[in-house]
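Listing of target23.txt, compact mmCIF, C-alpha atoms
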```txt
# COMPACT_ATOMS: atom_id res chain seq x y z
CA MET A 1 177.90 134.85 72.40
CA LYS A 2 176.12 134.44 75.72
CA ARG A 3 174.77 137.97 75.41
CA LEU A 4 173.43 137.24 71.90
CA THR A 5 171.71 134.09 73.20
CA ILE A 6 170.00 136.08 75.95
CA ILE A 7 168.88 138.78 73.47
CA ALA A 8 167.48 136.11 71.15
CA ALA A 9 165.56 134.51 74.01
CA VAL A 10 164.11 137.86 75.02
CA LEU A 11 163.04 138.55 71.43
CA LEU A 12 161.36 135.16 71.18
CA LEU A 13 159.46 135.78 74.43
CA SER A 14 158.44 139.20 73.20
CA LEU A 15 157.12 137.75 69.96
CA ALA A 16 155.20 135.09 71.85
CA ALA A 17 153.69 137.68 74.16
CA ALA A 18 152.66 139.72 71.14
CA ALA A 19 150.68 136.88 69.63
CA GLY A 20 147.57 138.39 68.13
CA PRO A 21 144.02 137.35 67.23
CA ALA A 22 145.16 135.50 64.10
CA ASP A 23 147.02 133.01 66.26
CA TYR A 24 143.86 131.97 68.10
CA LYS A 25 140.35 130.82 67.43
CA PHE A 26 137.83 132.63 69.58
CA THR A 27 134.57 131.56 71.25
CA GLU A 28 132.08 134.00 72.75
CA ALA A 29 132.10 133.51 76.52
CA SER A 30 128.30 133.46 76.67
CA ASP A 31 128.40 130.29 74.54
CA LEU A 32 130.40 128.61 77.30
CA THR A 33 129.28 128.46 80.98
CA LEU A 34 128.67 131.78 82.72
CA THR A 35 128.70 131.69 86.52
CA GLY A 36 127.91 134.30 89.14
CA LYS A 37 124.84 135.69 87.37
CA LEU A 38 121.82 136.66 89.44
CA PHE A 39 119.65 136.67 86.31
CA HIS A 40 120.21 134.16 83.53
CA ASP A 41 118.28 136.02 80.87
CA THR A 42 119.69 139.55 80.64
CA PRO A 43 119.66 140.74 76.99
CA ASN A 44 123.36 141.49 77.33
CA PRO A 45 124.74 138.30 78.92
CA TYR A 46 127.43 140.26 80.76
CA HIS A 47 124.99 142.59 82.59
CA ARG A 48 123.94 141.73 86.11
CA ILE A 49 120.45 143.23 85.85
CA ASP A 50 118.23 144.07 82.89
CA THR A 51 117.74 147.82 83.39
CA VAL A 52 114.88 147.90 80.88
CA ARG A 53 112.91 145.33 82.85
CA PHE A 54 113.68 146.76 86.30
CA LYS A 55 113.05 150.43 86.98
CA GLY A 56 113.92 152.98 89.63
CA PHE A 57 117.69 152.95 89.37
CA THR A 58 119.55 156.24 89.16
CA PRO A 59 121.81 156.74 86.11
CA GLY A 60 124.80 155.80 88.25
CA GLU A 61 123.07 152.65 89.53
CA ASN A 62 122.11 151.73 85.97
CA ALA A 63 125.80 151.84 85.05
CA LEU A 64 126.82 149.81 88.10
CA VAL A 65 124.40 146.92 87.54
CA ARG A 66 125.52 146.66 83.92
CA GLU A 67 129.09 146.06 85.08
CA ALA A 68 130.32 142.47 85.21
CA ALA A 69 131.48 142.19 88.83
CA GLY A 70 131.35 138.59 90.04
CA ILE A 71 130.60 137.07 86.64
CA ALA A 72 132.99 134.40 85.41
CA CYS A 73 133.26 132.00 82.49
CA ALA A 74 133.90 128.28 83.09
CA PHE A 75 135.34 126.18 80.28
CA ARG A 76 137.60 123.24 79.50
CA THR A 77 140.42 123.43 76.97
CA ASN A 78 143.50 121.49 75.92
CA SER A 79 145.14 124.61 74.50
CA SER A 80 148.72 125.50 75.38
CA SER A 81 147.73 129.18 75.67
CA ILE A 82 144.61 131.22 76.41
CA ALA A 83 143.76 134.71 75.19
CA VAL A 84 140.81 137.05 75.67
CA LYS A 85 139.37 139.49 73.15
CA THR A 86 137.07 142.20 74.48
CA ALA A 87 134.77 144.90 73.19
CA PHE A 88 134.04 147.25 76.09
CA ALA A 89 130.92 149.40 76.38
CA HIS A 90 132.76 151.43 79.02
CA GLN A 91 135.79 151.16 81.30
CA ARG A 92 136.64 152.85 84.56
CA THR A 93 140.02 154.11 85.67
CA ILE A 94 140.16 154.37 89.47
CA ASP A 95 143.22 155.47 91.44
CA ASN A 96 142.84 153.08 94.36
CA THR A 97 141.97 149.95 92.34
CA THR A 98 144.18 148.23 89.77
CA GLY A 99 143.50 148.25 86.06
CA ILE A 100 143.61 144.43 86.11
CA CYS A 101 140.70 144.48 88.56
CA THR A 102 138.61 147.19 86.91
CA ARG A 103 139.05 146.25 83.27
CA GLY A 104 141.13 143.03 83.20
CA TYR A 105 140.74 139.31 83.68
CA ASP A 106 141.64 136.84 86.43
CA LEU A 107 142.15 133.18 85.46
CA TYR A 108 142.03 130.13 87.74
CA ILE A 109 142.66 126.49 86.76
CA ARG A 110 141.33 123.55 88.71
CA LYS A 111 143.93 121.37 90.39
CA GLY A 112 142.30 118.47 92.17
CA GLU A 113 139.45 120.00 94.18
CA GLU A 114 140.99 123.47 94.31
CA TRP A 115 140.84 126.45 91.97
CA VAL A 116 144.43 127.68 91.67
CA TYR A 117 145.49 131.09 90.37
CA ALA A 118 146.90 130.92 86.84
CA ALA A 119 147.11 134.39 85.28
CA SER A 120 145.71 137.92 85.25
CA LYS A 121 146.08 140.68 82.67
CA SER A 122 144.41 143.71 81.16
CA GLN A 123 144.40 144.85 77.54
CA GLY A 124 144.83 148.39 78.83
CA SER A 125 142.57 151.29 77.96
CA GLU A 126 141.74 150.11 74.43
CA LYS A 127 137.99 149.89 73.90
CA GLU A 128 138.50 146.86 71.67
CA GLY A 129 141.49 144.57 71.76
CA SER A 130 142.95 141.30 72.91
CA VAL A 131 145.44 140.04 75.46
CA VAL A 132 147.25 136.74 75.89
CA LEU A 133 146.54 135.60 79.44
CA ILE A 134 148.76 132.55 79.71
CA GLN A 135 151.17 130.46 77.65
CA GLY A 136 153.14 127.30 78.28
CA LEU A 137 150.27 125.08 79.39
CA GLU A 138 150.96 121.41 78.70
CA LYS A 139 149.70 120.96 75.17
CA GLY A 140 146.95 118.38 74.69
CA VAL A 141 146.13 118.19 78.42
CA ALA A 142 142.61 119.34 79.26
CA HIS A 143 142.34 122.04 81.92
CA ASP A 144 139.19 123.22 83.71
CA CYS A 145 139.31 127.01 83.73
CA LEU A 146 137.44 129.77 85.57
CA LEU A 147 137.87 133.25 84.11
CA TYR A 148 136.63 136.23 86.14
CA PHE A 149 135.51 139.32 84.26
CA PRO A 150 136.34 142.96 85.14
CA ILE A 151 134.45 144.34 88.14
CA TYR A 152 134.12 147.98 87.06
CA SER A 153 133.57 147.74 83.31
CA GLU A 154 130.60 147.11 81.05
CA LEU A 155 131.27 144.45 78.46
CA GLY A 156 129.79 144.26 74.99
CA SER A 157 131.60 141.10 73.95
CA VAL A 158 134.07 138.72 75.61
CA GLN A 159 135.71 136.02 73.52
CA VAL A 160 138.04 133.31 74.83
CA GLY A 161 140.88 132.42 72.47
CA VAL A 162 142.67 129.07 72.24
CA ASP A 163 145.25 127.61 69.86
CA GLN A 164 143.96 126.98 66.35
CA ASP A 165 144.35 123.22 66.74
CA ALA A 166 142.96 123.10 70.33
CA GLU A 167 139.48 122.34 71.63
CA ILE A 168 137.34 124.41 73.99
CA GLU A 169 133.99 123.47 75.50
CA ALA A 170 131.58 124.67 78.16
CA LEU A 171 132.41 123.26 81.58
CA GLU A 172 129.67 121.55 83.53
CA TYR A 173 128.40 124.06 86.11
CA PRO A 174 131.11 124.00 88.80
CA PHE A 175 129.16 125.36 91.81
CA ARG A 176 126.06 124.52 93.82
CA HIS A 177 123.20 126.53 95.32
CA ARG A 178 122.54 130.22 94.66
CA VAL A 179 123.25 132.83 97.33
CA ALA A 180 122.33 136.37 96.21
CA LEU A 181 124.64 139.04 97.63
CA PHE A 182 123.46 142.66 97.75
CA GLY A 183 126.12 145.01 99.03
CA SER A 184 128.46 147.96 98.79
CA SER A 185 131.77 148.55 97.02
CA PHE A 186 133.24 146.12 99.56
CA SER A 187 131.12 143.37 98.05
CA GLN A 188 131.68 144.50 94.48
CA GLY A 189 135.39 143.91 95.13
CA PHE A 190 136.71 147.46 95.17
CA CYS A 191 140.45 147.74 96.00
CA SER A 192 141.17 144.07 95.42
CA THR A 193 143.99 143.75 92.91
CA ARG A 194 142.19 141.12 90.81
CA SER A 195 138.53 140.46 90.12
CA GLY A 196 138.66 136.97 91.64
CA LEU A 197 139.86 138.26 95.01
CA SER A 198 136.65 139.74 96.43
CA TYR A 199 135.55 138.00 99.62
CA SER A 200 132.50 136.57 97.82
CA ALA A 201 134.56 135.08 94.96
CA MET A 202 136.97 133.53 97.48
CA PHE A 203 134.02 132.04 99.39
CA THR A 204 132.63 130.47 96.22
CA ARG A 205 135.94 128.90 95.21
CA ARG A 206 136.69 127.67 98.73
CA THR A 207 133.29 126.16 99.51
CA GLY A 208 131.68 125.46 96.14
CA VAL A 209 128.61 127.43 97.25
CA GLU A 210 127.92 130.08 94.63
CA VAL A 211 127.58 133.72 95.67
CA LEU A 212 125.92 135.94 93.04
CA ASN A 213 127.49 139.37 93.33
CA LEU A 214 125.22 142.42 93.28
CA GLY A 215 127.68 144.81 94.90
CA VAL A 216 126.82 148.34 93.76
CA SER A 217 129.63 150.51 95.00
CA GLY A 218 128.30 153.35 97.22
CA ARG A 219 124.67 152.77 96.21
CA CYS A 220 123.62 149.92 98.52
CA LEU A 221 121.09 151.93 100.55
CA LEU A 222 118.30 149.43 101.34
CA GLN A 223 116.29 150.72 98.35
CA ASP A 224 112.94 149.06 97.72
CA TYR A 225 113.61 148.78 93.96
CA PHE A 226 116.68 146.67 94.67
CA ALA A 227 114.53 144.52 96.97
CA TYR A 228 112.08 143.95 94.10
CA ALA A 229 114.91 142.92 91.77
CA LEU A 230 116.32 140.52 94.37
CA ILE A 231 112.88 138.98 94.84
CA ALA A 232 112.54 138.45 91.08
CA ALA A 233 115.85 136.62 90.73
CA PRO A 234 115.22 132.93 89.99
CA ASP A 235 116.13 129.96 92.15
CA VAL A 236 117.73 131.94 95.00
CA ASP A 237 118.44 129.65 97.96
CA ALA A 238 119.59 132.37 100.38
CA TYR A 239 120.25 136.10 100.57
CA LEU A 240 123.44 137.64 101.94
CA PHE A 241 123.53 141.37 102.66
CA ASP A 242 126.26 143.95 103.17
CA THR A 243 123.66 146.70 103.63
CA PHE A 244 125.06 148.67 106.57
CA SER A 245 128.22 149.96 104.88
CA ASN A 246 126.73 152.77 102.76
CA PRO A 247 123.59 154.16 104.48
CA SER A 248 123.63 156.55 107.42
CA ALA A 249 122.32 155.54 110.82
CA GLU A 250 119.09 157.44 110.12
CA MET A 251 118.60 155.68 106.79
CA ILE A 252 119.19 152.26 108.35
CA ARG A 253 116.64 153.04 111.04
CA GLU A 254 114.06 154.16 108.49
CA ARG A 255 114.55 151.50 105.80
CA LEU A 256 115.74 148.24 107.36
CA PHE A 257 112.49 146.67 108.57
CA PRO A 258 110.46 147.59 105.43
CA PHE A 259 113.30 146.13 103.31
CA ILE A 260 113.23 142.87 105.29
CA GLU A 261 109.44 142.69 105.13
CA LYS A 262 109.34 143.09 101.34
CA ILE A 263 111.71 140.19 100.79
CA ARG A 264 110.32 138.10 103.63
CA ALA A 265 106.76 138.34 102.24
CA ALA A 266 107.83 137.32 98.74
CA ARG A 267 110.34 134.63 99.74
CA PRO A 268 109.14 132.96 102.95
CA GLY A 269 111.44 130.26 104.26
CA VAL A 270 114.52 131.61 102.45
CA PRO A 271 117.26 132.74 104.86
CA LEU A 272 118.16 136.44 104.96
CA ILE A 273 121.68 136.82 106.33
CA PHE A 274 122.81 140.35 107.17
CA GLN A 275 126.44 141.32 107.75
CA GLN A 276 127.54 144.15 109.97
CA THR A 277 129.80 146.59 108.14
CA ILE A 278 133.54 146.28 108.71
CA ARG A 279 135.51 148.80 110.75
CA ARG A 280 137.03 151.51 108.56
CA GLU A 281 140.55 152.59 109.44
CA SER A 282 139.66 156.21 108.60
CA ARG A 283 138.21 156.27 112.12
CA ASN A 284 141.62 156.00 113.77
CA PHE A 285 142.26 159.75 114.02
CA SER A 286 139.23 161.41 112.45
CA SER A 287 136.53 162.34 114.96
CA GLY A 288 134.05 162.92 112.13
CA SER A 289 134.56 159.48 110.62
CA GLU A 290 134.48 157.92 114.09
CA SER A 291 131.15 159.53 114.88
CA VAL A 292 129.46 158.54 111.60
CA GLU A 293 130.77 154.97 111.54
CA ALA A 294 130.12 154.28 115.22
CA ALA A 295 126.56 155.54 114.89
CA LYS A 296 125.61 153.34 111.97
CA MET A 297 127.28 150.26 113.47
CA ALA A 298 125.41 150.85 116.73
CA VAL A 299 122.03 151.23 115.05
CA ALA A 300 122.66 148.13 112.92
CA ASP A 301 123.48 146.13 116.05
CA SER A 302 120.41 147.34 117.91
CA LEU A 303 117.95 146.83 115.03
CA MET A 304 119.30 143.44 114.03
CA LYS A 305 118.98 142.27 117.63
CA ILE A 306 115.27 142.97 117.23
CA ALA A 307 115.05 141.66 113.65
CA VAL A 308 116.39 138.17 114.35
CA LYS A 309 113.65 137.74 116.98
CA LYS A 310 110.88 139.51 115.10
CA TYR A 311 111.33 137.83 111.70
CA LYS A 312 111.71 134.15 110.97
CA ASP A 313 114.78 133.07 108.96
CA VAL A 314 116.68 136.34 109.53
CA TYR A 315 120.31 136.14 110.71
CA TYR A 316 123.12 138.51 111.64
CA ILE A 317 126.85 137.86 111.34
CA LYS A 318 129.87 140.08 111.89
CA PRO A 319 132.78 140.02 109.42
CA ASP A 320 136.29 141.13 110.27
CA ALA A 321 138.69 142.43 107.60
CA SER A 322 141.30 144.06 109.84
CA SER A 323 144.67 143.07 111.25
CA GLU A 324 146.64 144.20 114.30
CA LEU A 325 149.13 145.95 112.02
CA TYR A 326 146.47 148.06 110.26
CA ALA A 327 147.89 146.51 107.10
CA THR A 328 144.71 145.54 105.27
CA CYS A 329 143.31 148.93 104.26
CA VAL A 330 144.03 150.69 100.95
CA ASP A 331 142.41 154.09 101.39
CA GLY A 332 140.97 154.31 104.88
CA THR A 333 137.81 152.53 103.77
CA HIS A 334 138.35 149.55 101.49
CA PRO A 335 140.24 146.35 102.34
CA ASP A 336 143.01 145.04 100.13
CA ASP A 337 143.40 141.41 99.03
CA TYR A 338 144.42 140.30 102.52
CA GLY A 339 141.51 142.20 104.00
CA HIS A 340 139.11 140.41 101.64
CA TYR A 341 140.75 137.11 102.64
CA LEU A 342 140.24 137.89 106.34
CA TRP A 343 136.64 138.88 105.63
CA GLU A 344 135.98 135.58 103.86
CA ARG A 345 137.60 133.55 106.61
CA SER A 346 135.60 135.36 109.29
CA ILE A 347 132.21 134.58 107.70
CA GLU A 348 132.85 131.19 106.13
CA LYS A 349 131.97 129.00 109.11
CA PRO A 350 128.97 131.01 110.43
CA LEU A 351 127.56 131.34 106.91
CA LEU A 352 127.93 127.63 106.18
CA ARG A 353 126.30 126.78 109.54
CA ILE A 354 123.24 128.85 108.61
CA LEU A 355 123.04 127.39 105.11
CA ARG A 356 123.22 123.84 106.46
CA ARG A 357 120.05 124.49 108.49
CA TYR A 358 118.27 124.78 105.15
CA GLY A 359 119.87 121.73 103.57
CA LEU A 360 122.32 123.84 101.60
CA LYS A 361 125.53 121.86 101.99
```
Exercise: express the given structure as structure tokens:
Amino acid sequence: MKRLTIIAAVLLLSLAAAAGPADYKFTEASDLTLTGKLFHDTPNPYHRIDTVRFKGFTPGENALVREAAGIACAFRTNSSSIAVKTAFAHQRTIDNTTGICTRGYDLYIRKGEEWVYAASKSQGSEKEGSVVLIQGLEKGVAHDCLLYFPIYSELGSVQVGVDQDAEIEALEYPFRHRVALFGSSFSQGFCSTRSGLSYSAMFTRRTGVEVLNLGVSGRCLLQDYFAYALIAAPDVDAYLFDTFSNPSAEMIRERLFPFIEKIRAARPGVPLIFQQTIRRESRNFSSGSESVEAAKMAVADSLMKIAVKKYKDVYYIKPDASSELYATCVDGTHPDDYGHYLWERSIEKPLLRILRRYGLK
């Protein structure tokens, strides 16, 4: 009898987990409140840059800036469960990053002043489909929700599903200020297990200061066409850069000052905050990696020492994503969730100190 009861309970849970689109009413996420967007007016609301308007990107860069890294949907609902239905333009499968991160969703619910993890799931490799993110929420109680989108997928449509008899509405914008982040795969969130666990997403939730993610995997090379796009972004209060992780020492030497001068001329008085790259654990026993990484860190240090004196409103901070146990690295290059946490903690205070100088509190 006890065994039959257990089997029945398992079957009921399975049926609940298999709840499909008919059990929910869906709202397009772009009709709610989208956060984390550098540009408000992209023709596809889930693209980070309009690649028709801005030119110069390589085919690979075009694909990267159309991915939804850092974008989230904020809404309030009294539903007892939440689902997501997606139509993907493309998905990536990457060995050293989870499917939940690359093509899944990461849900947080506000508890007091804090955004608390609630659920994370992927619908798998289906180009179109749905997934139930969470069930068992107290029915009739309104929850403020923040749903992060996949970091390495291009989205055609994202719809948030709630119970048929529940309500859903756009949440009042939950963050303040606009800090544009241009960076590498580190900044895009590569190797975090969930899309809400990049250092920039953690910083936004912890401080309430919004970081707009323009991480572009291995293609953050101080390109002038990215500078022009950053300049064109509306209402940017500060710029944060992770621009020393991808380029070689020679490229940094050649491109850094012209890059600063382009943005400085167009946005005088707006702080430009550069981060040194983090130390890659691939250096531990590889003389080749040691040589390359040491060279670019050295040239970044030397040039930024000049830059902070030469240019007004230019700053330099040094993140740290490592631990004494060498336990924060996934693949010799990218930090895991704990590494992203350490990165965020290492820059939070110095970054807030700089922002406060400009009245950004």
### Residue nearest Cys220 in chain A - candidates A:Arg255, A:Arg356, A:Arg264, A:Arg206, atoms counted: only C-alpha atoms
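Nearest to Cys220 in chain A: A:Arg255.
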### Task
Kindly provide, as a PyMOL selection string, the polymer residues lying within 10 Å of (129.6, 136.2, 99.5), counting all atoms listed in the file and using the coordinates exactly as they appear in the file.
chain A and resi 70+179-183+187-188+198-204+209-215+239-242+343-344+347-348+351
### Task
Find the distance between CA of Leu38 in chain A and CA of Ala233 in chain A and write it in Å to one decimal.
6.1 Å
### Query
Residues at most 6 Å from range 107-116 of chain A, counting only C-alpha atoms, excluding those fewer than 6 positions away in the same chain, as a list of chain:residue names?
A:Asp144, A:Cys145, A:Leu146, A:Leu147
Store the residues picked out above in a file with C-alpha atoms, as a PDB file, in the frame of the given file.
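Heads up, here's the output in again_15.pdb:
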```
ATOM      1  CA  ASP A 144     139.190 123.220  83.710  1.00  0.00           C
ATOM      2  CA  CYS A 145     139.310 127.010  83.730  1.00  0.00           C
ATOM      3  CA  LEU A 146     137.440 129.770  85.570  1.00  0.00           C
ATOM      4  CA  LEU A 147     137.870 133.250  84.110  1.00  0.00           C
TER       5      LEU A 147
END
```
### Query
Separation of CA of Ile260 in chain A and CA of Tyr315 in chain A, in Å?
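About the pair CA of Ile260 in chain A and CA of Tyr315 in chain A: they are 11.2 Å apart.
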### Message
Please determine, counting all atoms listed in the file, which residue among A:Tyr358, A:Phe75, A:Phe186, A:Phe26 has the shortest atom-to-atom distance to Pro319 in chain A.
### Response
A:Phe186
### Query
Counting only C-alpha atoms, which of A:Pro150, A:Gly99, A:Pro350, A:Pro59 gets nearest to Ser195 in chain A?
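Looking only at the distances to Ser195 in chain A, the closest residue turns out to be A:Pro150.
Note that the spacing between CA of Thr33 in chain A and CA of Gly189 in chain A amounts to 21.8 Å.
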Kindly list the centre and edge lengths in Å, rounded to one decimal, for the axis-aligned box that covers all listed atoms of range 74-86 of chain A plus 4 Å on each of its six sides, as AutoDock Vina command-line options.
```
--center_x 141.3 --center_y 131.8 --center_z 78.1 --size_x 22.8 --size_y 28.7 --size_z 17.9
```
List the neighbours of Thr243 in chain A out to 9 Å using only C-alpha atoms; skip same-chain residues closer than 2 positions along the sequence, and give me the result as an mmCIF file with C-alpha atoms, in the coordinates of the input.
```cif
data_model
loop_
_atom_site.group_PDB
_atom_site.id
_atom_site.type_symbol
_atom_site.label_atom_id
_atom_site.label_comp_id
_atom_site.auth_asym_id
_atom_site.auth_seq_id
_atom_site.Cartn_x
_atom_site.Cartn_y
_atom_site.Cartn_z
ATOM 1 C CA PHE A 182 123.460 142.660 97.750
ATOM 2 C CA GLY A 183 126.120 145.010 99.030
ATOM 3 C CA SER A 184 128.460 147.960 98.790
ATOM 4 C CA CYS A 220 123.620 149.920 98.520
ATOM 5 C CA LEU A 221 121.090 151.930 100.550
ATOM 6 C CA LEU A 222 118.300 149.430 101.340
ATOM 7 C CA PHE A 241 123.530 141.370 102.660
ATOM 8 C CA SER A 245 128.220 149.960 104.880
ATOM 9 C CA ASN A 246 126.730 152.770 102.760
ATOM 10 C CA PRO A 247 123.590 154.160 104.480
ATOM 11 C CA ILE A 252 119.190 152.260 108.350
ATOM 12 C CA LEU A 256 115.740 148.240 107.360
ATOM 13 C CA PHE A 274 122.810 140.350 107.170
ATOM 14 C CA GLN A 275 126.440 141.320 107.750
ATOM 15 C CA GLN A 276 127.540 144.150 109.970
ATOM 16 C CA THR A 277 129.800 146.590 108.140
#
```
### Task
Could you tell me which of A:Glu67, A:Asp41, A:Asp50, A:Glu250 comes closest to Val216 in chain A if we count all atoms listed in the file?
A:Glu67
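Minimum distance to Val270 in chain A across A:Asp31, A:Asp235, A:Asp313, A:Glu172 (counting all atoms listed in the file) occurs at A:Asp313.
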### Message
For a quick check of understanding, using all atoms listed in the file, which of A:Lys349, A:His47, A:Lys312, A:His143 has the smallest distance to Ser81 in chain A?
### Response
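Using all atoms listed in the file, the shortest distance to Ser81 in chain A belongs to A:His143.
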### Query
Using all atoms listed in the file, which residues sit within 10 Å of Val292 in chain A once same-chain residues fewer than 6 positions away are excluded, as a PyMOL selection string?
chain A and resi 248-249+283
Do a neighbour search on Leu303 in chain A at 9 Å with all atoms listed in the file, toss out local chain neighbours closer than 4 positions, and write the hits as a compact mmCIF listing (two decimals) with C-alpha atoms, in the frame of the given file.
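Wrote it out as out00.txt, contents follow:
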```txt
# COMPACT_ATOMS: atom_id res chain seq x y z
CA ILE A 252 119.19 152.26 108.35
CA ARG A 253 116.64 153.04 111.04
CA LEU A 256 115.74 148.24 107.36
CA PHE A 257 112.49 146.67 108.57
CA ALA A 298 125.41 150.85 116.73
CA VAL A 299 122.03 151.23 115.05
CA ALA A 307 115.05 141.66 113.65
CA VAL A 308 116.39 138.17 114.35
```
